[in-house]
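**Q** Dropping in data27.txt, which is compact mmCIF, C-alpha atoms and all ligand atoms:
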```txt
# COMPACT_ATOMS: atom_id res chain seq x y z
CA MET S 16 84.25 108.18 95.33
CA ARG S 17 84.13 110.04 92.08
CA LYS S 18 82.58 108.47 89.06
CA THR S 19 84.90 108.89 86.13
CA GLY S 20 85.07 107.89 82.54
CA GLY S 21 81.85 105.95 82.42
CA TYR S 22 78.48 106.25 80.80
CA VAL S 23 75.14 104.92 81.81
CA CYS S 24 72.69 104.33 79.00
CA ALA S 25 69.20 103.06 79.47
CA VAL S 26 68.72 99.83 77.59
CA LEU S 27 67.21 100.90 74.33
CA MET S 28 65.76 97.52 73.52
CA ALA S 29 62.21 98.28 74.57
CA GLY S 30 59.79 98.35 71.68
CA LEU S 31 61.66 95.94 69.49
CA LEU S 32 59.26 93.88 67.47
CA SER S 33 60.71 90.81 65.86
CA ALA S 34 61.49 87.64 67.81
CA GLY S 35 65.03 87.71 66.45
CA GLN S 36 65.61 91.21 67.75
CA ALA S 37 64.14 90.31 71.15
CA GLN S 38 66.47 87.32 71.32
CA ALA S 39 69.43 89.54 70.45
CA ALA S 40 68.45 91.92 73.26
CA ASP S 41 68.51 89.02 75.75
CA LYS S 42 72.15 88.44 74.85
CA ILE S 43 73.17 91.99 75.82
CA GLN S 44 74.18 92.73 79.43
CA ASN S 45 75.18 95.65 81.63
CA PHE S 46 74.27 98.63 79.45
CA ASN S 47 72.15 99.66 82.44
CA THR S 48 75.35 100.12 84.48
CA GLU S 49 78.04 102.78 84.20
CA PHE S 50 80.31 101.39 81.47
CA GLN S 51 83.51 102.02 79.53
CA ALA S 52 82.51 103.34 76.10
CA GLY S 53 84.54 101.90 73.22
CA GLU S 54 84.94 98.50 74.90
CA LEU S 55 82.90 95.29 75.05
CA ILE S 56 83.21 91.78 76.45
CA VAL S 57 82.08 89.39 73.74
CA LYS S 58 81.56 85.63 73.92
CA PHE S 59 81.48 83.81 70.61
CA ALA S 60 80.05 80.30 70.28
CA PRO S 61 82.62 77.56 70.99
CA HIS S 62 82.57 76.37 67.36
CA PHE S 63 83.66 79.81 66.19
CA GLU S 64 87.43 80.16 65.87
CA THR S 65 89.07 83.09 67.68
CA SER S 66 90.74 84.17 64.42
CA ALA S 67 87.31 84.31 62.73
CA ALA S 68 85.98 86.24 65.72
CA ALA S 69 88.82 88.74 65.42
CA LYS S 70 87.87 89.24 61.76
CA VAL S 71 84.20 89.89 62.63
CA LEU S 72 85.25 92.34 65.34
CA ALA S 73 87.66 94.10 62.95
CA GLU S 74 84.70 94.84 60.65
CA HIS S 75 83.37 96.99 63.51
CA GLY S 76 86.76 98.60 64.15
CA GLY S 77 87.39 96.22 67.06
CA LYS S 78 90.68 94.84 68.35
CA VAL S 79 91.00 91.97 70.85
CA ILE S 80 92.81 93.10 74.02
CA ARG S 81 92.73 89.73 75.76
CA GLN S 82 90.87 86.45 76.00
CA PHE S 83 89.62 85.37 79.43
CA ARG S 84 90.68 81.87 80.38
CA ALA S 85 87.69 80.59 82.35
CA SER S 86 84.99 81.74 79.91
CA GLY S 87 86.80 82.13 76.59
CA ALA S 88 85.14 85.56 76.26
CA LEU S 89 87.04 88.34 74.48
CA HIS S 90 87.79 91.80 75.84
CA VAL S 91 87.57 94.07 72.81
CA SER S 92 88.50 97.71 72.19
CA PHE S 93 86.80 99.67 69.37
CA ALA S 94 88.11 102.58 67.33
CA ASP S 95 84.89 104.56 67.87
CA LYS S 96 84.81 105.51 71.55
CA SER S 97 81.28 106.89 71.67
CA ALA S 98 78.74 105.22 73.94
CA ARG S 99 76.16 105.24 71.14
CA SER S 100 78.47 103.42 68.75
CA THR S 101 79.42 100.91 71.46
CA MET S 102 75.74 100.08 71.94
CA ASN S 103 75.14 99.82 68.21
CA ILE S 104 78.03 97.40 67.82
CA ALA S 105 76.74 95.35 70.75
CA GLU S 106 73.35 95.09 69.05
CA ALA S 107 74.90 94.12 65.72
CA LEU S 108 77.07 91.42 67.32
CA ALA S 109 74.19 90.04 69.40
CA ALA S 110 72.12 89.61 66.25
CA SER S 111 74.59 86.98 65.04
CA SER S 112 74.01 83.33 65.92
CA ASP S 113 77.79 83.00 66.32
CA VAL S 114 77.67 85.27 69.38
CA GLU S 115 76.51 83.90 72.75
CA TYR S 116 76.49 87.18 74.67
CA VAL S 117 77.84 90.72 74.70
CA GLU S 118 78.53 92.64 77.89
CA ALA S 119 79.26 96.32 78.38
CA ASN S 120 82.55 96.69 80.28
CA SER S 121 81.07 97.99 83.55
CA ILE S 122 82.81 100.55 85.71
CA ILE S 123 83.72 99.31 89.19
CA ARG S 124 83.87 101.38 92.35
CA LEU S 125 85.75 101.10 95.60
CA GLU S 126 83.63 100.31 98.64
CA ASN S 127 84.98 102.94 101.00
CA THR S 128 82.92 105.94 101.99
CA PRO S 129 83.87 109.48 100.96
CA ASN S 130 83.39 110.91 104.46
CA ASP S 131 86.07 109.02 106.30
CA PRO S 132 86.40 110.12 109.90
CA SER S 133 89.71 111.80 110.57
CA LEU S 134 90.30 110.02 113.85
CA GLY S 135 90.63 106.32 114.24
CA SER S 136 92.34 103.60 116.15
CA LEU S 137 92.84 99.89 115.97
CA TRP S 138 89.54 99.22 117.77
CA GLY S 139 88.76 96.48 115.30
CA MET S 140 91.55 94.21 116.51
CA PRO S 141 90.43 93.94 120.19
CA LYS S 142 86.82 93.72 119.01
CA ILE S 143 87.53 90.52 117.05
CA SER S 144 89.67 89.11 119.94
CA ALA S 145 92.84 89.40 117.86
CA GLU S 146 95.25 89.58 120.82
CA ARG S 147 94.07 86.19 122.06
CA ALA S 148 94.16 84.80 118.53
CA TRP S 149 97.81 85.85 118.21
CA GLU S 150 98.65 83.61 121.17
CA ILE S 151 97.66 80.75 118.86
CA SER S 152 99.20 82.03 115.59
CA THR S 153 100.62 85.20 114.07
CA GLY S 154 100.47 83.89 110.51
CA ASP S 155 102.65 82.36 107.82
CA ARG S 156 104.37 84.16 104.92
CA SER S 157 103.74 81.24 102.58
CA ILE S 158 99.99 81.93 102.66
CA LEU S 159 99.26 84.28 99.77
CA VAL S 160 96.48 86.86 99.76
CA GLY S 161 95.74 88.56 96.43
CA VAL S 162 94.71 92.15 97.14
CA ILE S 163 92.63 93.00 94.06
CA ASP S 164 92.45 96.76 94.42
CA THR S 165 94.32 100.01 93.65
CA GLY S 166 97.73 98.39 94.16
CA VAL S 167 99.89 98.10 97.27
CA ASP S 168 102.75 100.33 98.44
CA TYR S 169 105.21 97.45 98.77
CA ASN S 170 107.85 99.89 100.07
CA HIS S 171 105.81 100.77 103.16
CA PRO S 172 107.92 99.75 106.20
CA ASP S 173 104.84 98.11 107.76
CA LEU S 174 104.21 95.99 104.64
CA ASN S 175 107.52 95.48 102.84
CA ALA S 176 108.63 92.26 104.54
CA ASN S 177 105.19 90.69 103.99
CA TYR S 178 105.10 91.51 100.28
CA TRP S 179 105.27 88.57 97.85
CA PHE S 180 107.83 88.15 95.12
CA ASN S 181 107.13 85.78 92.22
CA PRO S 182 109.70 82.95 92.42
CA GLY S 183 109.22 82.31 88.68
CA GLU S 184 110.33 85.85 87.79
CA THR S 185 113.21 86.34 90.25
CA GLY S 186 116.79 85.09 90.07
CA VAL S 187 118.88 84.68 86.95
CA ASP S 188 117.88 83.13 83.60
CA ALA S 189 119.93 80.75 81.41
CA ASN S 190 121.70 83.72 79.80
CA GLY S 191 122.74 85.17 83.14
CA ASN S 192 120.20 88.00 83.02
CA GLU S 193 117.92 89.01 85.88
CA LYS S 194 114.50 87.41 85.31
CA LYS S 195 112.86 90.51 86.78
CA THR S 196 114.05 92.68 83.91
CA ASN S 197 114.85 90.32 81.02
CA ARG S 198 111.60 91.08 79.16
CA ILE S 199 110.81 87.36 79.05
CA ASP S 200 107.75 85.64 80.51
CA ASP S 201 109.99 83.27 82.49
CA ASP S 202 107.18 81.47 84.30
CA GLY S 203 104.94 81.28 81.22
CA ASN S 204 101.90 82.81 82.92
CA GLY S 205 101.24 85.30 80.11
CA TYR S 206 102.79 88.28 81.90
CA VAL S 207 106.34 89.53 81.28
CA ASP S 208 108.55 90.33 84.30
CA ASP S 209 105.67 90.13 86.78
CA PHE S 210 108.03 89.71 89.73
CA ARG S 211 105.76 91.52 92.23
CA GLY S 212 102.23 91.13 90.80
CA TRP S 213 100.64 93.12 88.00
CA ASP S 214 98.93 96.43 87.23
CA PHE S 215 95.83 95.62 85.17
CA ALA S 216 94.77 99.28 85.12
CA ASN S 217 97.88 100.45 83.26
CA ASN S 218 99.03 97.08 81.87
CA ASP S 219 102.49 97.03 83.37
CA ASN S 220 104.42 95.03 85.93
CA ASP S 221 104.32 97.61 88.72
CA PRO S 222 101.30 97.28 91.03
CA MET S 223 102.44 100.24 93.15
CA ASP S 224 99.44 101.95 94.75
CA ASP S 225 98.73 105.46 93.42
CA HIS S 226 95.50 105.87 95.40
CA ASN S 227 95.79 104.59 99.06
CA HIS S 228 92.80 102.24 99.21
CA GLY S 229 94.71 99.03 98.37
CA THR S 230 97.57 99.85 100.74
CA HIS S 231 95.00 100.47 103.50
CA CYS S 232 93.37 97.08 102.88
CA ALA S 233 96.79 95.37 102.77
CA GLY S 234 97.71 96.84 106.17
CA THR S 235 94.59 95.35 107.75
CA ILE S 236 95.38 91.95 106.25
CA GLY S 237 99.09 91.96 107.01
CA GLY S 238 100.61 95.03 108.65
CA ILE S 239 103.82 93.69 110.17
CA GLY S 240 103.48 92.95 113.88
CA ASP S 241 105.96 93.48 116.69
CA ASN S 242 108.21 95.79 114.65
CA GLY S 243 107.76 98.82 116.89
CA ILE S 244 106.07 101.00 114.27
CA GLY S 245 102.62 101.92 113.00
CA VAL S 246 99.87 99.37 112.92
CA VAL S 247 99.50 95.64 113.12
CA GLY S 248 97.42 93.59 110.72
CA VAL S 249 95.30 90.52 111.39
CA ASN S 250 98.39 88.59 110.25
CA TRP S 251 101.84 89.65 111.47
CA ASN S 252 103.22 87.36 108.78
CA VAL S 253 101.54 86.71 105.43
CA GLY S 254 102.26 86.97 101.71
CA ILE S 255 100.57 89.99 100.13
CA VAL S 256 100.19 90.01 96.34
CA GLY S 257 99.35 93.40 94.82
CA LEU S 258 96.89 93.08 91.92
CA LYS S 259 96.10 96.60 90.79
CA PHE S 260 93.07 97.10 88.55
CA ILE S 261 91.64 100.36 89.85
CA SER S 262 93.23 103.61 88.68
CA ALA S 263 94.57 106.53 90.68
CA ALA S 264 91.21 108.20 90.09
CA GLY S 265 89.45 105.30 91.80
CA SER S 266 87.75 103.54 88.92
CA GLY S 267 88.23 100.19 87.24
CA THR S 268 86.36 97.91 84.87
CA ASN S 269 84.91 94.42 84.90
CA ALA S 270 87.43 93.33 82.23
CA ALA S 271 90.42 94.40 84.33
CA ALA S 272 88.92 92.75 87.42
CA ILE S 273 88.38 89.45 85.56
CA ALA S 274 91.99 89.50 84.34
CA ALA S 275 93.19 90.10 87.92
CA ILE S 276 91.08 87.23 89.28
CA GLU S 277 92.40 84.84 86.61
CA TYR S 278 96.00 85.96 87.29
CA ALA S 279 95.58 85.29 91.03
CA THR S 280 94.34 81.77 90.29
CA LYS S 281 97.22 81.10 87.92
CA ILE S 282 99.94 82.08 90.40
CA GLY S 283 98.20 80.06 93.12
CA VAL S 284 97.13 82.50 95.83
CA ASN S 285 95.20 81.02 98.77
CA LEU S 286 92.51 83.68 98.73
CA THR S 287 91.68 87.11 97.33
CA SER S 288 90.37 90.22 99.11
CA ASN S 289 87.88 92.19 97.02
CA SER S 290 86.84 95.61 98.38
CA TRP S 291 85.04 96.77 95.24
CA GLY S 292 81.79 96.36 93.36
CA GLY S 293 79.05 97.99 91.39
CA GLY S 294 79.86 96.54 87.99
CA GLY S 295 76.69 94.55 87.51
CA THR S 296 76.65 90.84 86.85
CA SER S 297 79.08 89.36 84.35
CA GLU S 298 79.23 85.78 83.10
CA PRO S 299 83.01 85.84 82.42
CA MET S 300 83.55 87.20 85.96
CA ARG S 301 81.33 84.52 87.47
CA LEU S 302 83.28 81.83 85.59
CA ALA S 303 86.63 83.32 86.69
CA ILE S 304 85.45 83.19 90.32
CA GLN S 305 84.13 79.65 89.76
CA GLU S 306 87.57 78.63 88.41
CA ALA S 307 89.17 80.07 91.58
CA SER S 308 86.63 78.17 93.69
CA ASP S 309 87.42 74.92 91.89
CA ALA S 310 91.09 75.53 92.82
CA GLY S 311 90.14 76.02 96.50
CA ILE S 312 90.79 79.77 96.46
CA LEU S 313 88.47 81.81 98.68
CA PHE S 314 86.97 85.04 97.34
CA ILE S 315 86.23 87.53 100.15
CA ALA S 316 83.99 90.35 98.86
CA ALA S 317 82.57 93.60 100.19
CA ALA S 318 78.77 93.64 100.47
CA GLY S 319 78.74 97.28 99.32
CA ASN S 320 78.02 100.70 100.80
CA ALA S 321 74.58 101.35 99.33
CA THR S 322 72.68 100.71 102.60
CA SER S 323 70.61 98.30 100.57
CA ASN S 324 69.32 94.77 100.93
CA ASN S 325 71.41 92.61 98.60
CA ASP S 326 68.77 89.87 98.77
CA THR S 327 66.47 92.02 96.66
CA ARG S 328 68.99 94.32 94.97
CA PRO S 329 72.03 92.23 94.03
CA SER S 330 75.53 93.69 94.38
CA PHE S 331 78.38 92.09 92.45
CA PRO S 332 80.78 90.40 92.95
CA SER S 333 79.55 89.64 96.51
CA ASN S 334 76.23 88.26 95.21
CA PHE S 335 77.74 85.64 92.88
CA GLU S 336 76.42 82.25 93.99
CA VAL S 337 79.76 80.48 93.89
CA ALA S 338 80.99 78.32 96.80
CA ASN S 339 84.13 80.39 97.52
CA VAL S 340 82.39 83.78 97.86
CA VAL S 341 82.20 85.22 101.38
CA ALA S 342 80.18 88.47 101.49
CA VAL S 343 81.09 90.94 104.23
CA ALA S 344 79.06 93.74 105.85
CA ALA S 345 80.59 96.48 108.04
CA THR S 346 79.98 97.14 111.73
CA GLN S 347 80.91 100.00 114.01
CA GLN S 348 82.41 99.85 117.48
CA ASN S 349 79.11 99.00 119.27
CA ASP S 350 78.53 96.00 116.96
CA THR S 351 75.65 97.56 115.06
CA LEU S 352 75.64 97.65 111.28
CA ALA S 353 77.43 100.70 109.86
CA SER S 354 74.98 103.26 108.47
CA PHE S 355 76.30 102.81 104.91
CA SER S 356 76.63 99.03 104.93
CA SER S 357 74.56 96.87 102.64
CA TYR S 358 73.19 93.67 104.14
CA GLY S 359 71.18 90.57 103.25
CA LEU S 360 69.98 87.70 105.37
CA ARG S 361 70.51 85.30 102.46
CA THR S 362 73.31 86.93 100.45
CA VAL S 363 75.60 88.61 103.03
CA ASP S 364 77.43 86.16 105.27
CA LEU S 365 78.98 87.97 108.21
CA ALA S 366 80.03 91.39 109.47
CA ALA S 367 83.42 92.80 110.51
CA PRO S 368 84.74 96.17 111.74
CA GLY S 369 84.50 98.81 109.00
CA VAL S 370 84.14 102.29 110.53
CA GLY S 371 87.13 104.47 111.42
CA ILE S 372 89.66 101.76 110.63
CA TYR S 373 93.26 102.88 111.01
CA SER S 374 95.78 101.33 108.63
CA THR S 375 98.70 101.91 106.29
CA THR S 376 98.62 104.40 103.41
CA ARG S 377 101.18 105.32 100.76
CA SER S 378 104.66 106.74 101.46
CA ASN S 379 105.05 105.54 105.03
CA SER S 380 101.83 107.11 106.26
CA TYR S 381 98.68 105.96 108.06
CA ALA S 382 95.02 106.98 107.90
CA SER S 383 91.50 106.06 108.94
CA MET S 384 88.98 104.88 106.38
CA SER S 385 85.44 103.50 106.52
CA GLY S 386 83.50 101.10 104.34
CA THR S 387 82.69 97.48 103.69
CA SER S 388 86.05 97.90 101.90
CA MET S 389 87.65 97.99 105.36
CA ALA S 390 85.54 95.14 106.81
CA THR S 391 86.50 92.81 103.94
CA PRO S 392 90.28 92.69 104.66
CA HIS S 393 89.55 91.88 108.33
CA VAL S 394 87.80 88.71 107.07
CA ALA S 395 90.40 88.03 104.36
CA GLY S 396 93.09 88.36 107.03
CA ALA S 397 91.14 86.03 109.32
CA VAL S 398 90.93 83.36 106.62
CA ALA S 399 94.70 83.61 105.99
CA LEU S 400 95.38 83.30 109.73
CA MET S 401 93.00 80.32 109.94
CA MET S 402 94.96 78.66 107.12
CA SER S 403 98.15 78.93 109.21
CA VAL S 404 96.46 76.88 111.94
CA HIS S 405 93.85 74.68 110.24
CA LYS S 406 96.23 73.32 107.62
CA GLU S 407 94.10 70.24 107.00
CA MET S 408 90.84 72.07 106.32
CA THR S 409 89.28 72.28 102.86
CA MET S 410 87.88 75.54 101.51
CA SER S 411 84.33 74.65 102.51
CA GLN S 412 85.45 73.56 105.98
CA LEU S 413 87.28 76.87 106.47
CA ILE S 414 84.17 78.79 105.42
CA ALA S 415 81.95 76.72 107.73
CA LYS S 416 84.37 77.31 110.63
CA LEU S 417 84.52 81.05 109.90
CA TYR S 418 80.72 81.31 109.98
CA ALA S 419 80.31 79.10 113.07
CA SER S 420 82.82 81.20 115.03
CA VAL S 421 81.14 84.61 114.75
CA ASP S 422 79.91 86.47 117.82
CA ARG S 423 76.17 86.58 117.33
CA VAL S 424 74.71 89.97 118.14
CA SER S 425 71.02 90.84 118.14
CA SER S 426 71.40 93.85 115.86
CA LEU S 427 72.80 91.64 113.09
CA ALA S 428 70.23 88.83 113.46
CA THR S 429 68.11 90.20 110.63
CA LYS S 430 71.02 91.60 108.59
CA VAL S 431 73.49 88.81 107.79
CA ALA S 432 73.16 85.04 107.36
CA THR S 433 75.31 84.15 110.37
CA GLY S 434 73.78 86.90 112.50
CA GLY S 435 77.23 87.80 113.72
CA ARG S 436 80.53 89.64 113.62
CA LEU S 437 83.95 88.06 113.01
CA ASN S 438 85.71 86.54 116.02
CA LEU S 439 89.31 85.72 115.18
CA GLU S 440 90.12 83.79 118.33
CA LYS S 441 87.18 81.41 117.94
CA ALA S 442 88.01 80.94 114.25
CA LEU S 443 91.46 79.63 115.23
CA GLN S 444 90.25 77.20 117.88
CA PRO S 445 90.08 73.50 117.01
CA CA C 501 105.49 85.86 83.92
```
Using structure tokens, write down the structure from this file.

**A**
Amino acid sequence: MRKTGGYVCAVLMAGLLSAGQAQAADKIQNFNTEFQAGELIVKFAPHFETSAAAKVLAEHGGKVIRQFRASGALHVSFADKSARSTMNIAEALAASSDVEYVEANSIIRLENTPNDPSLGSLWGMPKISAERAWEISTGDRSILVGVIDTGVDYNHPDLNANYWFNPGETGVDANGNEKKTNRIDDDGNGYVDDFRGWDFANNDNDPMDDHNHGTHCAGTIGGIGDNGIGVVGVNWNVGIVGLKFISAAGSGTNAAAIAAIEYATKIGVNLTSNSWGGGGTSEPMRLAIQEASDAGILFIAAAGNATSNNDTRPSFPSNFEVANVVAVAATQQNDTLASFSSYGLRTVDLAAPGVGIYSTTRSNSYASMSGTSMATPHVAGAVALMMSVHKEMTMSQLIAKLYASVDRVSSLATKVATGGRLNLEKALQP
């Protein structure tokens, strides 16, 4: 994908002399990644009131955009949009004992490859024994999958009936007005009229896809089955929640991703599908994922397309060491690792089909795409389908079952922790 709107600055902390300055440098994160100039994620000490923090930030021309729930960190926008000024402000804030850490707002990328093959088919479904799995279950619309991505085309005929509507923002309010359009946060979740999810890239209530990537992932998770058209997803029936945080141009930020993760937890999804990465580590993101984990929400994440070993070169969010994170590599039709796929015997859990995957795209169309982006929704879909069968299982039991049910293949033995590729039928068995 294209890299847009970001800057990468080398950390300019080398050569600092005083202990105080060195300590301040330790509190600064992610300026070695591509980042959004003019924005920071700042965590003040717990004793420091948010109103006092806002005052300190205002002295630097800063305005609080939002506060993250799990960490209490602030997402801040600054009047001066230069990368140099952003770094200077970070240094100044980090020098204060009232500040715990300052993160650059890293740019996030999609994990699909730019050279998608033009031809594709649904080879992934027979490969994971989906037909036999569907004899056991075809899914359940009450199981909610948050697709944290570029949005979802909820009007697509192969997705529409599986798209979620927020019960707290539909129907009629006490004044007889439609909750969808009454400009009131009827369900008190902090978002006004979020009747079909949220767009964290443009800060509005319409998570319509303007890219294709999110719609493609959604089709793999829950393309409607047995309707005589297009494709079929891992689940014929499921609830898809569109959580857009990546723009039409294909870029997003850590701050928008954290907000999307916290939103998904608040509305009570069962799991999220995360086909993105590259933003570096982030303490507020780790805590948002930890909060989801504590609520029993699985976090399925792409291992990345850097052909690198994540054990030695961490890729986030898939490398976060939180109990709910399932890291997914991509395989091709012959069960070998895709040429682009990252891997890691310790930090990548299993593989799933991710080359030449045919699925839904915007405006009633279909296309093939490749990437760990495409492998991830196969696993997210599998977890949702497992939940329709293994209703009694806890999050950790579901994860253990998922890992135990892979088809072990020799080519993956040194690449992923389970040494195998997703098998949907085995995952549904008792
Ligand atoms: Ca709301």

**Q** Using all atoms listed in the file, find each residue in chain S having at least one atom no more than 6 Å away from ligand CA 501 (chain C); report its shortest atom-to-atom pair and that distance in Å (one decimal), rows by chain then rising number, as a tab-separated table.

**A**
```
residue	atom	partner	partner_atom	distance
S:Asp200	CA	C:CA501	CA	4.1
S:Asp201	CA	C:CA501	CA	5.4
S:Asp202	CA	C:CA501	CA	4.7
S:Gly203	CA	C:CA501	CA	5.3
S:Asn204	CA	C:CA501	CA	4.8
S:Gly205	CA	C:CA501	CA	5.7
S:Tyr206	CA	C:CA501	CA	4.2
S:Val207	CA	C:CA501	CA	4.6
S:Asp208	CA	C:CA501	CA	5.4
S:Asp209	CA	C:CA501	CA	5.1
```

**Q** Which one is closest to Glu336 of chain S: S:Gln305, S:Ser380, S:Asn285, S:Asn252? Count only C-alpha atoms.

**A** S:Gln305

**Q** With all atoms listed in the file as the counted atoms, please give the residues lying no more than 9 Å from Asp95 of chain S, apart from itself and same-chain residues fewer than 2 positions off, as a PyMOL selection string.

**A** chain S and resi 52-53+75-77+92-93+97-98+100-101

**Q** Return the single residue from S:Gly386, S:Gly212, S:Gly254, S:Pro141 that is closest to Asn177 of chain S, with distances computed using all atoms listed in the file.

**A**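 That would be S:Gly254, the residue with the smallest distance to Asn177 of chain S.
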
**Q** Using all atoms listed in the file, list the residues that have an atom at most 12 Å from (98.5, 103.8, 83.2), coordinates as in the file, as a list of chain:residue names.

**A** S:Thr165, S:Trp213, S:Asp214, S:Phe215, S:Ala216, S:Asn217, S:Asn218, S:Asp219, S:Asn220, S:Asp221, S:Pro222, S:Met223, S:Asp224, S:Asp225, S:Lys259, S:Phe260, S:Ile261, S:Ser262, S:Ala263, S:Ala264, S:Gly267

**Q** Taking into account only C-alpha atoms, which residue in the set S:Ala107, S:Ser378, S:Ile276, S:Asn320 is nearest to Ser354 of chain S?

**A** S:Asn320

**Q** Find, counting only C-alpha atoms, the residue in S:Glu193, S:Asp350, S:Asp309, S:Glu106 that gets nearest to Ser426 of chain S.

**A**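 Ranking S:Glu193, S:Asp350, S:Asp309, S:Glu106 by distance to Ser426 of chain S, first place goes to S:Asp350.
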
**Q** Got a sec: who's within 9 Å of Ile104 of chain S, counting all atoms listed in the file, leaving out chain neighbours fewer than 5 positions off, as a short mmCIF file (atom, residue, chain, number, x, y, z; two decimals) with C-alpha atoms, in the coordinates of the input?

**A**
```cif
data_model
loop_
_atom_site.label_atom_id
_atom_site.label_comp_id
_atom_site.auth_asym_id
_atom_site.auth_seq_id
_atom_site.Cartn_x
_atom_site.Cartn_y
_atom_site.Cartn_z
CA LEU S 55 82.90 95.29 75.05
CA HIS S 75 83.37 96.99 63.51
CA ARG S 99 76.16 105.24 71.14
CA ALA S 109 74.19 90.04 69.40
#
```

**Q** For atom CA of Glu184 of chain S and atom CA of Arg81 of chain S, quote the distance in Å rounded to one decimal.

**A**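 Between atom CA of Glu184 of chain S and atom CA of Arg81 of chain S the gap is 21.7 Å.
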
**Q** Do you know which residues are at most 12 Å from Val431 of chain S counting all atoms listed in the file, after dropping those on the same chain fewer than 6 positions away, and could you put them as a PyMOL selection string?

**A** chain S and resi 318+324-326+341-346+351-352+356-367+418+421+423-425+437

**Q** Quick one: of S:Thr280, S:Gln44, S:Asn349, S:Asn227, who's nearest to Val167 of chain S, counting all atoms listed in the file?

**A** S:Asn227

**Q** Return the single residue from S:His228, S:Lys416, S:His405, S:Lys430 that is closest to Glu126 of chain S, with distances computed using all atoms listed in the file.

**A**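 Nearest candidate to Glu126 of chain S out of S:His228, S:Lys416, S:His405, S:Lys430: S:His228.
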
**Q** So what do you get for atom CA of Asn269 of chain S versus atom CA of Ser297 of chain S, distance-wise?

**A**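 Distance between the two atoms: 7.7 Å.
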
**Q** By how many Å are atom CA of Leu439 of chain S and atom CA of Arg211 of chain S apart?

**A**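 That distance, rounded to one decimal, is 28.8 Å.
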
**Q** Give me the residues near segment 144-146 of chain S as a ChimeraX atom specification, where near means some atom within 9 Å (using only C-alpha atoms) and where sequence neighbours in that chain fewer than 6 positions away do not count.

**A** /S:249,438-441

**Q** Could you name the residues that touch Ile56 of chain S at 12 Å or less, counting only C-alpha atoms, but leaving out those on the same chain fewer than 2 positions away, as a JSON list (two decimals) with C-alpha atoms, in the frame of the given file?

**A**
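File produced: around-v4.json:
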```json
[["chain", "number", "residue", "atom", "x", "y", "z"],
["S", 42, "LYS", "CA", 72.15, 88.44, 74.85],
["S", 43, "ILE", "CA", 73.17, 91.99, 75.82],
["S", 44, "GLN", "CA", 74.18, 92.73, 79.43],
["S", 45, "ASN", "CA", 75.18, 95.65, 81.63],
["S", 46, "PHE", "CA", 74.27, 98.63, 79.45],
["S", 50, "PHE", "CA", 80.31, 101.39, 81.47],
["S", 51, "GLN", "CA", 83.51, 102.02, 79.53],
["S", 52, "ALA", "CA", 82.51, 103.34, 76.10],
["S", 53, "GLY", "CA", 84.54, 101.90, 73.22],
["S", 54, "GLU", "CA", 84.94, 98.50, 74.90],
["S", 58, "LYS", "CA", 81.56, 85.63, 73.92],
["S", 59, "PHE", "CA", 81.48, 83.81, 70.61],
["S", 72, "LEU", "CA", 85.25, 92.34, 65.34],
["S", 77, "GLY", "CA", 87.39, 96.22, 67.06],
["S", 78, "LYS", "CA", 90.68, 94.84, 68.35],
["S", 79, "VAL", "CA", 91.00, 91.97, 70.85],
["S", 80, "ILE", "CA", 92.81, 93.10, 74.02],
["S", 81, "ARG", "CA", 92.73, 89.73, 75.76],
["S", 82, "GLN", "CA", 90.87, 86.45, 76.00],
["S", 83, "PHE", "CA", 89.62, 85.37, 79.43],
["S", 86, "SER", "CA", 84.99, 81.74, 79.91],
["S", 87, "GLY", "CA", 86.80, 82.13, 76.59],
["S", 88, "ALA", "CA", 85.14, 85.56, 76.26],
["S", 89, "LEU", "CA", 87.04, 88.34, 74.48],
["S", 90, "HIS", "CA", 87.79, 91.80, 75.84],
["S", 91, "VAL", "CA", 87.57, 94.07, 72.81],
["S", 92, "SER", "CA", 88.50, 97.71, 72.19],
["S", 93, "PHE", "CA", 86.80, 99.67, 69.37],
["S", 101, "THR", "CA", 79.42, 100.91, 71.46],
["S", 104, "ILE", "CA", 78.03, 97.40, 67.82],
["S", 105, "ALA", "CA", 76.74, 95.35, 70.75],
["S", 108, "LEU", "CA", 77.07, 91.42, 67.32],
["S", 109, "ALA", "CA", 74.19, 90.04, 69.40],
["S", 114, "VAL", "CA", 77.67, 85.27, 69.38],
["S", 115, "GLU", "CA", 76.51, 83.90, 72.75],
["S", 116, "TYR", "CA", 76.49, 87.18, 74.67],
["S", 117, "VAL", "CA", 77.84, 90.72, 74.70],
["S", 118, "GLU", "CA", 78.53, 92.64, 77.89],
["S", 119, "ALA", "CA", 79.26, 96.32, 78.38],
["S", 120, "ASN", "CA", 82.55, 96.69, 80.28],
["S", 121, "SER", "CA", 81.07, 97.99, 83.55],
["S", 268, "THR", "CA", 86.36, 97.91, 84.87],
["S", 269, "ASN", "CA", 84.91, 94.42, 84.90],
["S", 270, "ALA", "CA", 87.43, 93.33, 82.23],
["S", 271, "ALA", "CA", 90.42, 94.40, 84.33],
["S", 273, "ILE", "CA", 88.38, 89.45, 85.56],
["S", 297, "SER", "CA", 79.08, 89.36, 84.35],
["S", 298, "GLU", "CA", 79.23, 85.78, 83.10],
["S", 299, "PRO", "CA", 83.01, 85.84, 82.42],
["S", 300, "MET", "CA", 83.55, 87.20, 85.96]]
```

**Q** Can you report as lines of an AutoDock Vina configuration file the centre and edge lengths in Å, to one decimal, of an axis-aligned box around the listed atoms of segment 227-236 of chain S padded with 8 Å on each side?

**A**
```
center_x = 95.3
center_y = 98.3
center_z = 103.1
size_x = 20.9
size_y = 28.6
size_z = 25.4
```
